[in-house]
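Here is model29.cif, consisting of mmCIF, C-alpha atoms:
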data_protein
#
loop_
_atom_site.group_PDB
_atom_site.id
_atom_site.type_symbol
_atom_site.label_atom_id
_atom_site.label_comp_id
_atom_site.auth_asym_id
_atom_site.auth_seq_id
_atom_site.Cartn_x
_atom_site.Cartn_y
_atom_site.Cartn_z
ATOM 1 C CA ASP A 1 -144.627 18.071 -38.814
ATOM 2 C CA VAL A 2 -142.306 16.244 -41.145
ATOM 3 C CA LYS A 3 -141.031 18.523 -43.811
ATOM 4 C CA VAL A 4 -139.441 17.388 -47.032
ATOM 5 C CA THR A 5 -138.222 20.208 -49.214
ATOM 6 C CA GLN A 6 -136.935 20.181 -52.758
ATOM 7 C CA SER A 7 -134.638 22.841 -54.119
ATOM 8 C CA SER A 8 -136.789 23.929 -57.049
ATOM 9 C CA ARG A 9 -140.449 23.624 -58.059
ATOM 10 C CA TYR A 10 -139.664 24.206 -61.729
ATOM 11 C CA LEU A 11 -136.438 23.695 -63.647
ATOM 12 C CA VAL A 12 -135.587 24.084 -67.320
ATOM 13 C CA LYS A 13 -132.356 22.585 -68.628
ATOM 14 C CA ARG A 14 -130.782 21.858 -71.985
ATOM 15 C CA THR A 15 -129.909 18.461 -73.398
ATOM 16 C CA GLY A 16 -126.497 17.329 -72.210
ATOM 17 C CA GLU A 17 -126.411 19.492 -69.100
ATOM 18 C CA LYS A 18 -125.575 18.009 -65.719
ATOM 19 C CA VAL A 19 -128.569 18.495 -63.425
ATOM 20 C CA PHE A 20 -128.736 18.335 -59.645
ATOM 21 C CA LEU A 21 -132.027 17.917 -57.806
ATOM 22 C CA GLU A 22 -131.733 18.431 -54.078
ATOM 23 C CA CYS A 23 -133.951 17.067 -51.325
ATOM 24 C CA VAL A 24 -133.754 17.834 -47.616
ATOM 25 C CA GLN A 25 -135.806 16.367 -44.762
ATOM 26 C CA ASP A 26 -135.866 17.727 -41.245
ATOM 27 C CA MET A 27 -137.115 14.766 -39.200
ATOM 28 C CA ASP A 28 -133.988 12.633 -38.916
ATOM 29 C CA HIS A 29 -135.394 9.962 -41.228
ATOM 30 C CA GLU A 30 -133.068 7.119 -42.202
ATOM 31 C CA ASN A 31 -134.696 6.294 -45.533
ATOM 32 C CA MET A 32 -134.904 8.590 -48.532
ATOM 33 C CA PHE A 33 -136.278 7.981 -52.011
ATOM 34 C CA TRP A 34 -136.420 9.519 -55.470
ATOM 35 C CA TYR A 35 -139.375 8.886 -57.804
ATOM 36 C CA ARG A 36 -140.410 10.266 -61.144
ATOM 37 C CA GLN A 37 -144.062 10.766 -62.035
ATOM 38 C CA ASP A 38 -145.341 10.717 -65.599
ATOM 39 C CA PRO A 39 -148.968 10.967 -66.758
ATOM 40 C CA GLY A 40 -150.555 7.554 -67.085
ATOM 41 C CA LEU A 41 -147.581 5.801 -65.495
ATOM 42 C CA GLY A 42 -147.905 6.699 -61.834
ATOM 43 C CA LEU A 43 -144.758 7.050 -59.751
ATOM 44 C CA ARG A 44 -141.691 4.969 -60.449
ATOM 45 C CA LEU A 45 -138.780 4.465 -58.079
ATOM 46 C CA ILE A 46 -135.410 5.678 -59.331
ATOM 47 C CA TYR A 47 -133.085 5.248 -56.343
ATOM 48 C CA PHE A 48 -133.325 4.982 -52.590
ATOM 49 C CA SER A 49 -131.026 5.172 -49.616
ATOM 50 C CA TYR A 50 -131.377 3.704 -46.131
ATOM 51 C CA ASP A 51 -128.271 5.322 -44.644
ATOM 52 C CA VAL A 52 -125.614 7.923 -45.288
ATOM 53 C CA LYS A 53 -123.412 6.971 -48.252
ATOM 54 C CA MET A 54 -125.662 3.978 -48.983
ATOM 55 C CA LYS A 55 -127.722 3.765 -52.155
ATOM 56 C CA GLU A 56 -129.864 1.173 -53.873
ATOM 57 C CA LYS A 57 -131.186 1.106 -57.426
ATOM 58 C CA GLY A 58 -134.894 1.267 -57.888
ATOM 59 C CA ASP A 59 -136.889 0.247 -60.937
ATOM 60 C CA ILE A 60 -135.585 2.856 -63.394
ATOM 61 C CA PRO A 61 -132.040 3.931 -62.394
ATOM 62 C CA GLU A 62 -130.656 4.278 -65.919
ATOM 63 C CA GLY A 63 -129.415 7.788 -66.650
ATOM 64 C CA TYR A 64 -129.459 8.808 -62.980
ATOM 65 C CA SER A 65 -127.144 8.710 -59.993
ATOM 66 C CA VAL A 66 -127.564 9.798 -56.386
ATOM 67 C CA SER A 67 -125.547 11.128 -53.513
ATOM 68 C CA ARG A 68 -126.173 11.025 -49.792
ATOM 69 C CA GLU A 69 -123.333 12.612 -47.870
ATOM 70 C CA LYS A 70 -125.488 13.749 -44.947
ATOM 71 C CA LYS A 71 -128.468 12.045 -43.366
ATOM 72 C CA GLU A 72 -130.880 14.865 -44.130
ATOM 73 C CA ARG A 73 -129.918 15.414 -47.767
ATOM 74 C CA PHE A 74 -130.415 13.185 -50.816
ATOM 75 C CA SER A 75 -129.419 14.428 -54.244
ATOM 76 C CA LEU A 76 -130.504 13.125 -57.624
ATOM 77 C CA ILE A 77 -128.047 13.693 -60.454
ATOM 78 C CA LEU A 78 -128.711 13.585 -64.165
ATOM 79 C CA GLU A 79 -125.203 13.252 -65.598
ATOM 80 C CA SER A 80 -126.246 14.297 -69.108
ATOM 81 C CA ALA A 81 -129.875 15.362 -69.281
ATOM 82 C CA SER A 82 -131.990 14.079 -72.133
ATOM 83 C CA THR A 83 -135.463 15.054 -73.319
ATOM 84 C CA ASN A 84 -136.927 11.761 -72.096
ATOM 85 C CA GLN A 85 -136.009 12.814 -68.564
ATOM 86 C CA THR A 86 -138.570 15.619 -68.708
ATOM 87 C CA SER A 87 -140.821 14.704 -65.795
ATOM 88 C CA MET A 88 -142.015 15.495 -62.286
ATOM 89 C CA TYR A 89 -139.472 14.345 -59.695
ATOM 90 C CA LEU A 90 -140.637 13.569 -56.179
ATOM 91 C CA CYS A 91 -138.455 13.003 -53.156
ATOM 92 C CA ALA A 92 -139.687 11.132 -50.082
ATOM 93 C CA SER A 93 -138.408 10.050 -46.694
ATOM 94 C CA SER A 94 -139.452 7.553 -44.035
ATOM 95 C CA LEU A 95 -138.386 6.432 -40.605
ATOM 96 C CA GLU A 96 -136.053 3.619 -39.722
ATOM 97 C CA GLU A 97 -135.671 0.215 -41.279
ATOM 98 C CA GLY A 98 -137.448 -2.551 -39.458
ATOM 99 C CA ALA A 99 -140.756 -0.782 -39.225
ATOM 100 C CA VAL A 100 -143.190 -0.050 -41.968
ATOM 101 C CA ASN A 101 -143.729 3.644 -42.069
ATOM 102 C CA GLU A 102 -145.474 5.958 -44.431
ATOM 103 C CA GLN A 103 -143.307 7.881 -46.815
ATOM 104 C CA PHE A 104 -143.489 11.669 -46.582
ATOM 105 C CA PHE A 105 -143.188 13.408 -49.918
ATOM 106 C CA GLY A 106 -141.749 16.728 -50.987
ATOM 107 C CA PRO A 107 -143.651 19.127 -53.270
ATOM 108 C CA GLY A 108 -141.902 17.872 -56.402
ATOM 109 C CA THR A 109 -139.661 19.410 -59.052
ATOM 110 C CA ARG A 110 -141.033 19.703 -62.553
ATOM 111 C CA LEU A 111 -138.028 19.326 -64.831
ATOM 112 C CA THR A 112 -138.153 20.229 -68.509
ATOM 113 C CA VAL A 113 -135.218 19.246 -70.697
ATOM 114 C CA LEU A 114 -135.095 21.112 -74.011
ATOM 115 C CA ALA B 1 -141.297 -8.241 -58.729
ATOM 116 C CA GLN B 2 -144.343 -6.411 -57.505
ATOM 117 C CA LYS B 3 -147.193 -5.018 -59.536
ATOM 118 C CA ILE B 4 -150.136 -2.782 -58.708
ATOM 119 C CA THR B 5 -153.141 -2.514 -61.001
ATOM 120 C CA GLN B 6 -155.722 0.257 -60.776
ATOM 121 C CA THR B 7 -158.337 -0.384 -63.437
ATOM 122 C CA GLN B 8 -160.313 2.856 -63.109
ATOM 123 C CA PRO B 9 -158.505 5.728 -64.854
ATOM 124 C CA GLY B 10 -161.291 8.124 -63.885
ATOM 125 C CA MET B 11 -164.445 8.201 -61.790
ATOM 126 C CA PHE B 12 -167.294 10.669 -61.349
ATOM 127 C CA VAL B 13 -169.228 10.432 -58.094
ATOM 128 C CA GLN B 14 -172.014 12.513 -56.578
ATOM 129 C CA GLU B 15 -171.192 14.346 -53.386
ATOM 130 C CA LYS B 16 -172.099 12.457 -50.190
ATOM 131 C CA GLU B 17 -172.043 9.082 -51.926
ATOM 132 C CA ALA B 18 -169.609 6.359 -50.912
ATOM 133 C CA VAL B 19 -166.730 5.653 -53.312
ATOM 134 C CA THR B 20 -164.767 2.466 -53.888
ATOM 135 C CA LEU B 21 -161.437 2.743 -55.687
ATOM 136 C CA ASP B 22 -160.135 -0.573 -56.966
ATOM 137 C CA CYS B 23 -156.631 -1.898 -56.460
ATOM 138 C CA THR B 24 -155.251 -5.344 -57.158
ATOM 139 C CA TYR B 25 -151.690 -6.377 -56.568
ATOM 140 C CA ASP B 26 -149.272 -9.125 -57.391
ATOM 141 C CA THR B 27 -146.236 -10.161 -55.379
ATOM 142 C CA SER B 28 -144.291 -13.270 -54.487
ATOM 143 C CA ASP B 29 -143.306 -11.880 -51.090
ATOM 144 C CA PRO B 30 -145.067 -13.509 -48.130
ATOM 145 C CA SER B 31 -144.993 -10.261 -46.164
ATOM 146 C CA TYR B 32 -145.901 -6.879 -47.651
ATOM 147 C CA GLY B 33 -147.569 -3.573 -46.947
ATOM 148 C CA LEU B 34 -150.218 -1.725 -48.905
ATOM 149 C CA PHE B 35 -150.710 2.053 -48.991
ATOM 150 C CA TRP B 36 -153.097 4.584 -50.440
ATOM 151 C CA TYR B 37 -152.022 8.129 -51.270
ATOM 152 C CA LYS B 38 -154.033 11.119 -52.440
ATOM 153 C CA GLN B 39 -152.617 13.725 -54.821
ATOM 154 C CA PRO B 40 -154.728 16.883 -55.211
ATOM 155 C CA SER B 41 -154.221 19.225 -58.143
ATOM 156 C CA SER B 42 -151.643 21.114 -56.071
ATOM 157 C CA GLY B 43 -149.362 18.107 -56.478
ATOM 158 C CA GLU B 44 -148.481 17.059 -52.954
ATOM 159 C CA MET B 45 -148.725 13.383 -52.041
ATOM 160 C CA ILE B 46 -150.864 12.812 -48.949
ATOM 161 C CA PHE B 47 -150.752 9.497 -47.089
ATOM 162 C CA LEU B 48 -154.230 8.115 -46.381
ATOM 163 C CA ILE B 49 -154.079 4.595 -45.031
ATOM 164 C CA TYR B 50 -151.866 1.532 -44.559
ATOM 165 C CA GLN B 51 -152.594 -2.222 -44.402
ATOM 166 C CA GLY B 52 -150.078 -4.905 -43.570
ATOM 167 C CA SER B 53 -150.444 -8.334 -45.139
ATOM 168 C CA TYR B 54 -150.393 -9.878 -41.681
ATOM 169 C CA ASP B 55 -153.124 -7.611 -40.281
ATOM 170 C CA GLN B 56 -156.280 -9.515 -39.436
ATOM 171 C CA GLN B 57 -158.573 -6.520 -39.556
ATOM 172 C CA ASN B 58 -159.151 -4.025 -42.322
ATOM 173 C CA ALA B 59 -157.520 -0.655 -41.711
ATOM 174 C CA THR B 60 -159.663 2.410 -41.112
ATOM 175 C CA GLU B 61 -158.751 6.101 -40.841
ATOM 176 C CA GLY B 62 -161.691 8.435 -40.414
ATOM 177 C CA ARG B 63 -163.732 8.350 -43.641
ATOM 178 C CA TYR B 64 -161.207 6.038 -45.291
ATOM 179 C CA SER B 65 -161.220 2.272 -45.009
ATOM 180 C CA LEU B 66 -159.249 -0.358 -46.839
ATOM 181 C CA ASN B 67 -161.143 -3.433 -47.991
ATOM 182 C CA PHE B 68 -158.342 -5.995 -47.877
ATOM 183 C CA GLN B 69 -159.060 -9.366 -49.486
ATOM 184 C CA LYS B 70 -155.827 -11.292 -49.369
ATOM 185 C CA ALA B 71 -156.972 -14.336 -51.319
ATOM 186 C CA ARG B 72 -158.131 -12.092 -54.161
ATOM 187 C CA LYS B 73 -155.047 -9.891 -53.850
ATOM 188 C CA SER B 74 -157.157 -6.783 -53.676
ATOM 189 C CA ALA B 75 -156.885 -3.693 -51.494
ATOM 190 C CA ASN B 76 -159.734 -1.388 -52.410
ATOM 191 C CA LEU B 77 -160.049 2.056 -50.837
ATOM 192 C CA VAL B 78 -163.499 3.022 -49.607
ATOM 193 C CA ILE B 79 -164.326 6.670 -48.964
ATOM 194 C CA SER B 80 -167.551 7.177 -47.072
ATOM 195 C CA ALA B 81 -169.714 10.285 -47.530
ATOM 196 C CA SER B 82 -167.596 11.835 -50.273
ATOM 197 C CA GLN B 83 -166.854 15.562 -50.226
ATOM 198 C CA LEU B 84 -165.886 18.016 -52.956
ATOM 199 C CA GLY B 85 -162.400 18.157 -51.435
ATOM 200 C CA ASP B 86 -161.947 14.463 -52.175
ATOM 201 C CA SER B 87 -161.494 15.279 -55.863
ATOM 202 C CA ALA B 88 -157.922 14.212 -56.618
ATOM 203 C CA MET B 89 -155.698 11.475 -58.038
ATOM 204 C CA TYR B 90 -155.545 8.402 -55.831
ATOM 205 C CA PHE B 91 -152.623 5.990 -55.906
ATOM 206 C CA CYS B 92 -152.419 2.489 -54.520
ATOM 207 C CA ALA B 93 -148.890 1.367 -53.623
ATOM 208 C CA MET B 94 -147.100 -1.539 -52.006
ATOM 209 C CA THR B 95 -143.762 -2.454 -50.505
ATOM 210 C CA SER B 96 -142.125 -5.686 -49.528
ATOM 211 C CA LEU B 97 -141.542 -6.185 -45.837
ATOM 212 C CA GLU B 98 -138.828 -8.755 -46.498
ATOM 213 C CA GLY B 99 -136.221 -6.015 -46.574
ATOM 214 C CA GLY B 100 -137.298 -4.556 -43.254
ATOM 215 C CA GLY B 101 -139.677 -2.026 -44.745
ATOM 216 C CA ALA B 102 -136.965 0.282 -46.067
ATOM 217 C CA ASP B 103 -137.603 -0.475 -49.731
ATOM 218 C CA GLY B 104 -139.319 1.938 -52.037
ATOM 219 C CA LEU B 105 -142.948 1.774 -53.045
ATOM 220 C CA THR B 106 -144.396 0.293 -56.214
ATOM 221 C CA PHE B 107 -147.281 2.459 -57.369
ATOM 222 C CA GLY B 108 -150.282 1.884 -59.579
ATOM 223 C CA LYS B 109 -151.113 4.294 -62.378
ATOM 224 C CA GLY B 110 -153.743 6.049 -60.328
ATOM 225 C CA THR B 111 -157.456 6.842 -60.422
ATOM 226 C CA HIS B 112 -158.666 10.374 -61.058
ATOM 227 C CA LEU B 113 -161.684 10.895 -58.799
ATOM 228 C CA ILE B 114 -164.015 13.806 -59.401
ATOM 229 C CA ILE B 115 -166.755 14.566 -56.882
ATOM 230 C CA GLN B 116 -169.723 16.379 -58.385
ATOM 231 C CA PRO B 117 -172.042 18.633 -56.349
#

Could you express the structure from this file as structure tokens?
Amino acid sequence: DVKVTQSSRYLVKRTGEKVFLECVQDMDHENMFWYRQDPGLGLRLIYFSYDVKMKEKGDIPEGYSVSREKKERFSLILESASTNQTSMYLCASSLEEGAVNEQFFGPGTRLTVL
Amino acid sequence: AQKITQTQPGMFVQEKEAVTLDCTYDTSDPSYGLFWYKQPSSGEMIFLIYQGSYDQQNATEGRYSLNFQKARKSANLVISASQLGDSAMYFCAMTSLEGGGADGLTFGKGTHLIIQP
């Protein structure tokens, strides 16, 4: 079974803090994604990566950055957390480019910024 | 730019009835893929079914089928013989296949389905 794990289920941070959300997948997937989910808005794509050290902006990249130093790990970074970044963050992964594959999601991290 | 519209914020359905969840989409890409995901109250996202824009037949997976009408740009999910465990949020999503299928998904806002005994 594909397993996508996220470092924390719940996280509380203060405004201005630097926040790291970690995601690890164990199935050698090339593609990894970060989404945020807000009530009434569905999921929105923040960043994605199709290879190590490669990253692409999604629909709402402002205020976020990412890092992919190893194939299995994709980190989302909030350089200076703000209250409007309080949300559920979901990581996902999928198999190689060139084939349409379902995305496998992690359990999510519910981030609260005070 | 892609857009997914789910017009039913919530639905109540009697157990054992069939359910149709609406999804319309908009894209300028000639080649695209459509997905449905289920999110129970526990929060995990569960893949249900996939339809490619080039597929001639509607996709089916067990009790799930996708009613794909390309000219109308609709991709409705049909759940046959609904069960109490089908109560969840359901999201329609799409991706462009122009980039090789590695792009992220564009999601709709979801439909909250509640199955009543």

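Pairwise distance (atom CA of B:Met11, atom CA of B:His112) equals 6.2 Å.
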
#### Entry: Selected residue, from A:Ser75, A:Thr86, A:Ser94, A:Asn101, that lies nearest to A:Phe20 when counting all atoms listed in the file
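Distance minimum relative to A:Phe20 lands on A:Ser75.
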
### Message
So that I can see what lies close to A:Arg44, please list as a PyMOL selection string the residues with an atom at most 7 Å from it, counting all atoms listed in the file and leaving out residues fewer than 2 positions away in the same chain.
### Response
(chain A and resi 35-37+42+46+59) or (chain B and resi 106-107)

Chain B near chain A within 9 Å: what's each residue's closest atom pair and its distance in Å to one decimal, counting only C-alpha atoms, ordered by chain then ascending residue number, as JSON lines?
{"residue": "B:Pro9", "atom": "CA", "partner": "A:Gly40", "partner_atom": "CA", "distance": 8.5}
{"residue": "B:Gly33", "atom": "CA", "partner": "A:Val100", "partner_atom": "CA", "distance": 7.5}
{"residue": "B:Phe35", "atom": "CA", "partner": "A:Glu102", "partner_atom": "CA", "distance": 8.0}
{"residue": "B:Ser42", "atom": "CA", "partner": "A:Pro107", "partner_atom": "CA", "distance": 8.7}
{"residue": "B:Gly43", "atom": "CA", "partner": "A:Pro107", "partner_atom": "CA", "distance": 6.6}
{"residue": "B:Glu44", "atom": "CA", "partner": "A:Pro107", "partner_atom": "CA", "distance": 5.3}
{"residue": "B:Met45", "atom": "CA", "partner": "A:Phe105", "partner_atom": "CA", "distance": 5.9}
{"residue": "B:Ile46", "atom": "CA", "partner": "A:Phe105", "partner_atom": "CA", "distance": 7.8}
{"residue": "B:Phe47", "atom": "CA", "partner": "A:Glu102", "partner_atom": "CA", "distance": 6.9}
{"residue": "B:Ile49", "atom": "CA", "partner": "A:Glu102", "partner_atom": "CA", "distance": 8.7}
{"residue": "B:Tyr50", "atom": "CA", "partner": "A:Glu102", "partner_atom": "CA", "distance": 7.8}
{"residue": "B:Gly52", "atom": "CA", "partner": "A:Val100", "partner_atom": "CA", "distance": 8.6}
{"residue": "B:Phe91", "atom": "CA", "partner": "A:Gly42", "partner_atom": "CA", "distance": 7.6}
{"residue": "B:Thr95", "atom": "CA", "partner": "A:Val100", "partner_atom": "CA", "distance": 8.9}
{"residue": "B:Leu97", "atom": "CA", "partner": "A:Val100", "partner_atom": "CA", "distance": 7.4}
{"residue": "B:Gly99", "atom": "CA", "partner": "A:Gly98", "partner_atom": "CA", "distance": 8.0}
{"residue": "B:Gly100", "atom": "CA", "partner": "A:Gly98", "partner_atom": "CA", "distance": 4.3}
{"residue": "B:Gly101", "atom": "CA", "partner": "A:Val100", "partner_atom": "CA", "distance": 4.9}
{"residue": "B:Ala102", "atom": "CA", "partner": "A:Glu97", "partner_atom": "CA", "distance": 5.0}
{"residue": "B:Asp103", "atom": "CA", "partner": "A:Phe48", "partner_atom": "CA", "distance": 7.5}
{"residue": "B:Gly104", "atom": "CA", "partner": "A:Leu45", "partner_atom": "CA", "distance": 6.6}
{"residue": "B:Leu105", "atom": "CA", "partner": "A:Leu45", "partner_atom": "CA", "distance": 7.1}
{"residue": "B:Thr106", "atom": "CA", "partner": "A:Arg44", "partner_atom": "CA", "distance": 6.9}
{"residue": "B:Phe107", "atom": "CA", "partner": "A:Leu43", "partner_atom": "CA", "distance": 5.8}
{"residue": "B:Gly108", "atom": "CA", "partner": "A:Gly42", "partner_atom": "CA", "distance": 5.8}
{"residue": "B:Lys109", "atom": "CA", "partner": "A:Gly42", "partner_atom": "CA", "distance": 4.0}
{"residue": "B:Gly110", "atom": "CA", "partner": "A:Gly42", "partner_atom": "CA", "distance": 6.1}

Around all the atoms of stretch 32-36 of chain A listed in the file, with 8 Å of room on each side, what axis-aligned box do you get, giving centre and edge lengths in Å to one decimal, as AutoDock Vina command-line options?
--center_x -137.7 --center_y 9.1 --center_z -54.8 --size_x 21.5 --size_y 18.3 --size_z 28.6

### Task
Would you list the contacts of B:Ile79 as a ChimeraX atom specification, taking every protein, DNA or RNA residue within 10 Å and counting only C-alpha atoms, but skipping same-chain residues closer than 4 positions in sequence?
/B:16-21,61-66,83,86

Please dump the current selection as a compact mmCIF listing (two decimals), in the coordinates of the input; keep C-alpha atoms.
# COMPACT_ATOMS: atom_id res chain seq x y z
CA LYS B 16 -172.10 12.46 -50.19
CA GLU B 17 -172.04 9.08 -51.93
CA ALA B 18 -169.61 6.36 -50.91
CA VAL B 19 -166.73 5.65 -53.31
CA THR B 20 -164.77 2.47 -53.89
CA LEU B 21 -161.44 2.74 -55.69
CA GLU B 61 -158.75 6.10 -40.84
CA GLY B 62 -161.69 8.44 -40.41
CA ARG B 63 -163.73 8.35 -43.64
CA TYR B 64 -161.21 6.04 -45.29
CA SER B 65 -161.22 2.27 -45.01
CA LEU B 66 -159.25 -0.36 -46.84
CA GLN B 83 -166.85 15.56 -50.23
CA ASP B 86 -161.95 14.46 -52.18

### Task
Write out as a list of chain:residue names the residues lying within 7 Å of B:Lys3, counting only C-alpha atoms and excluding same-chain residues fewer than 3 positions away.
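The filter keeps B:Tyr25, B:Asp26, B:Thr27, B:Thr106.
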
Got time to write the residues from that selection, C-alpha atoms, as a PDB file, in the frame of the given file?
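Wrote again.pdb, looks like this:
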ATOM      1  CA  TYR B  25    -151.690  -6.377 -56.568  1.00  0.00           C
ATOM      2  CA  ASP B  26    -149.272  -9.125 -57.391  1.00  0.00           C
ATOM      3  CA  THR B  27    -146.236 -10.161 -55.379  1.00  0.00           C
ATOM      4  CA  THR B 106    -144.396   0.293 -56.214  1.00  0.00           C
TER       5      THR B 106
END

### Message
Give me, as a list in words, all polymer residues having an atom no more than 6 Å from stretch 4-16 of chain A, counting all atoms listed in the file and skipping those fewer than 2 positions away in the same chain.
### Response
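Final neighbour list, sorted by chain and number: Glu22, Cys23, Val24, Gln25, Ser80, Ala81, Ser82, Gly106, Thr109, Arg110, Leu111, Thr112, Val113 and Leu114 of chain A.
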
### Query
Quick one: residues within 8 Å of B:Met89, all atoms listed in the file counted, chain neighbours fewer than 2 positions away excluded, as a PyMOL selection string?
chain B and resi 38-41+87+91+110-113

Atoms kept (C-alpha atoms) for selection, written as a PDB file, keeping the file's coordinate frame:
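Just written: part.pdb:
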ATOM      1  CA  LYS B  38    -154.033  11.119 -52.440  1.00  0.00           C
ATOM      2  CA  GLN B  39    -152.617  13.725 -54.821  1.00  0.00           C
ATOM      3  CA  PRO B  40    -154.728  16.883 -55.211  1.00  0.00           C
ATOM      4  CA  SER B  41    -154.221  19.225 -58.143  1.00  0.00           C
ATOM      5  CA  SER B  87    -161.494  15.279 -55.863  1.00  0.00           C
ATOM      6  CA  PHE B  91    -152.623   5.990 -55.906  1.00  0.00           C
ATOM      7  CA  GLY B 110    -153.743   6.049 -60.328  1.00  0.00           C
ATOM      8  CA  THR B 111    -157.456   6.842 -60.422  1.00  0.00           C
ATOM      9  CA  HIS B 112    -158.666  10.374 -61.058  1.00  0.00           C
ATOM     10  CA  LEU B 113    -161.684  10.895 -58.799  1.00  0.00           C
TER      11      LEU B 113
END

### Task
Could you please give me, as a ChimeraX atom specification, the residues of protein, DNA or RNA lying at most 9 Å from (-153.8, -5.0, -47.8) in the coordinate frame of the file, considering all atoms listed in the file?
/B:32-35,50-55,58-59,66-70,73-76,94

### Task
Check the smallest atom-to-atom distance from each of B:Gly85, B:Ile114, B:Leu77, B:Gln2 to B:Ser31 using all atoms listed in the file, then report the winner.
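Once distances to B:Ser31 are computed over all atoms listed in the file, the minimum belongs to B:Gln2.
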
### Message
Between atom CA of B:Tyr37 and atom CA of B:Arg72, what distance in Å does the model show, to one decimal?
### Response
21.3 Å

### Task
Could you jot down the atom CA of A:Asp26 to atom CA of A:Ser67 separation for me, Å, one decimal place?
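Between atom CA of A:Asp26 and atom CA of A:Ser67 the gap works out to 17.3 Å.
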
### Task
Could you tell me which residues the PyMOL selection byres ((chain A and resi 52) around 6) returns for this structure, as an MDAnalysis selection string?
chainID A and resid 51 53:54 68:71

Would you save the residues from that selection as a short mmCIF file (atom, residue, chain, number, x, y, z; two decimals), in the coordinates of the input, using C-alpha atoms?
data_model
loop_
_atom_site.label_atom_id
_atom_site.label_comp_id
_atom_site.auth_asym_id
_atom_site.auth_seq_id
_atom_site.Cartn_x
_atom_site.Cartn_y
_atom_site.Cartn_z
CA ASP A 51 -128.27 5.32 -44.64
CA LYS A 53 -123.41 6.97 -48.25
CA MET A 54 -125.66 3.98 -48.98
CA ARG A 68 -126.17 11.02 -49.79
CA GLU A 69 -123.33 12.61 -47.87
CA LYS A 70 -125.49 13.75 -44.95
CA LYS A 71 -128.47 12.04 -43.37
#

May I ask you to restore all heavy atoms in stretch 26-30 of chain B and write the result as a short mmCIF file (atom, residue, chain, number, x, y, z; two decimals), keeping the file's coordinate frame?
data_model
loop_
_atom_site.label_atom_id
_atom_site.label_comp_id
_atom_site.auth_asym_id
_atom_site.auth_seq_id
_atom_site.Cartn_x
_atom_site.Cartn_y
_atom_site.Cartn_z
N ASP B 26 -149.91 -7.83 -57.16
CA ASP B 26 -149.27 -9.12 -57.39
C ASP B 26 -147.88 -9.07 -56.78
O ASP B 26 -147.13 -8.12 -56.99
CB ASP B 26 -149.17 -9.43 -58.89
CG ASP B 26 -148.79 -10.87 -59.16
OD1 ASP B 26 -149.03 -11.72 -58.27
OD2 ASP B 26 -148.25 -11.15 -60.24
N THR B 27 -147.55 -10.07 -56.00
CA THR B 27 -146.24 -10.16 -55.38
C THR B 27 -145.96 -11.59 -55.00
O THR B 27 -146.89 -12.36 -54.74
CB THR B 27 -146.15 -9.26 -54.13
OG1 THR B 27 -144.83 -9.34 -53.58
CG2 THR B 27 -147.17 -9.67 -53.08
N SER B 28 -144.69 -11.94 -54.94
CA SER B 28 -144.29 -13.27 -54.49
C SER B 28 -143.81 -13.23 -53.04
O SER B 28 -143.49 -14.26 -52.45
CB SER B 28 -143.19 -13.84 -55.38
OG SER B 28 -142.10 -12.94 -55.43
N ASP B 29 -143.75 -12.01 -52.48
CA ASP B 29 -143.31 -11.88 -51.09
C ASP B 29 -144.40 -12.32 -50.13
O ASP B 29 -145.56 -11.94 -50.32
CB ASP B 29 -142.93 -10.43 -50.79
CG ASP B 29 -141.71 -9.97 -51.56
OD1 ASP B 29 -140.78 -10.79 -51.71
OD2 ASP B 29 -141.69 -8.81 -52.02
N PRO B 30 -144.06 -13.06 -49.09
CA PRO B 30 -145.07 -13.51 -48.13
C PRO B 30 -145.52 -12.39 -47.19
O PRO B 30 -146.59 -12.46 -46.60
CB PRO B 30 -144.35 -14.61 -47.34
CG PRO B 30 -142.90 -14.27 -47.48
CD PRO B 30 -142.73 -13.63 -48.81
#
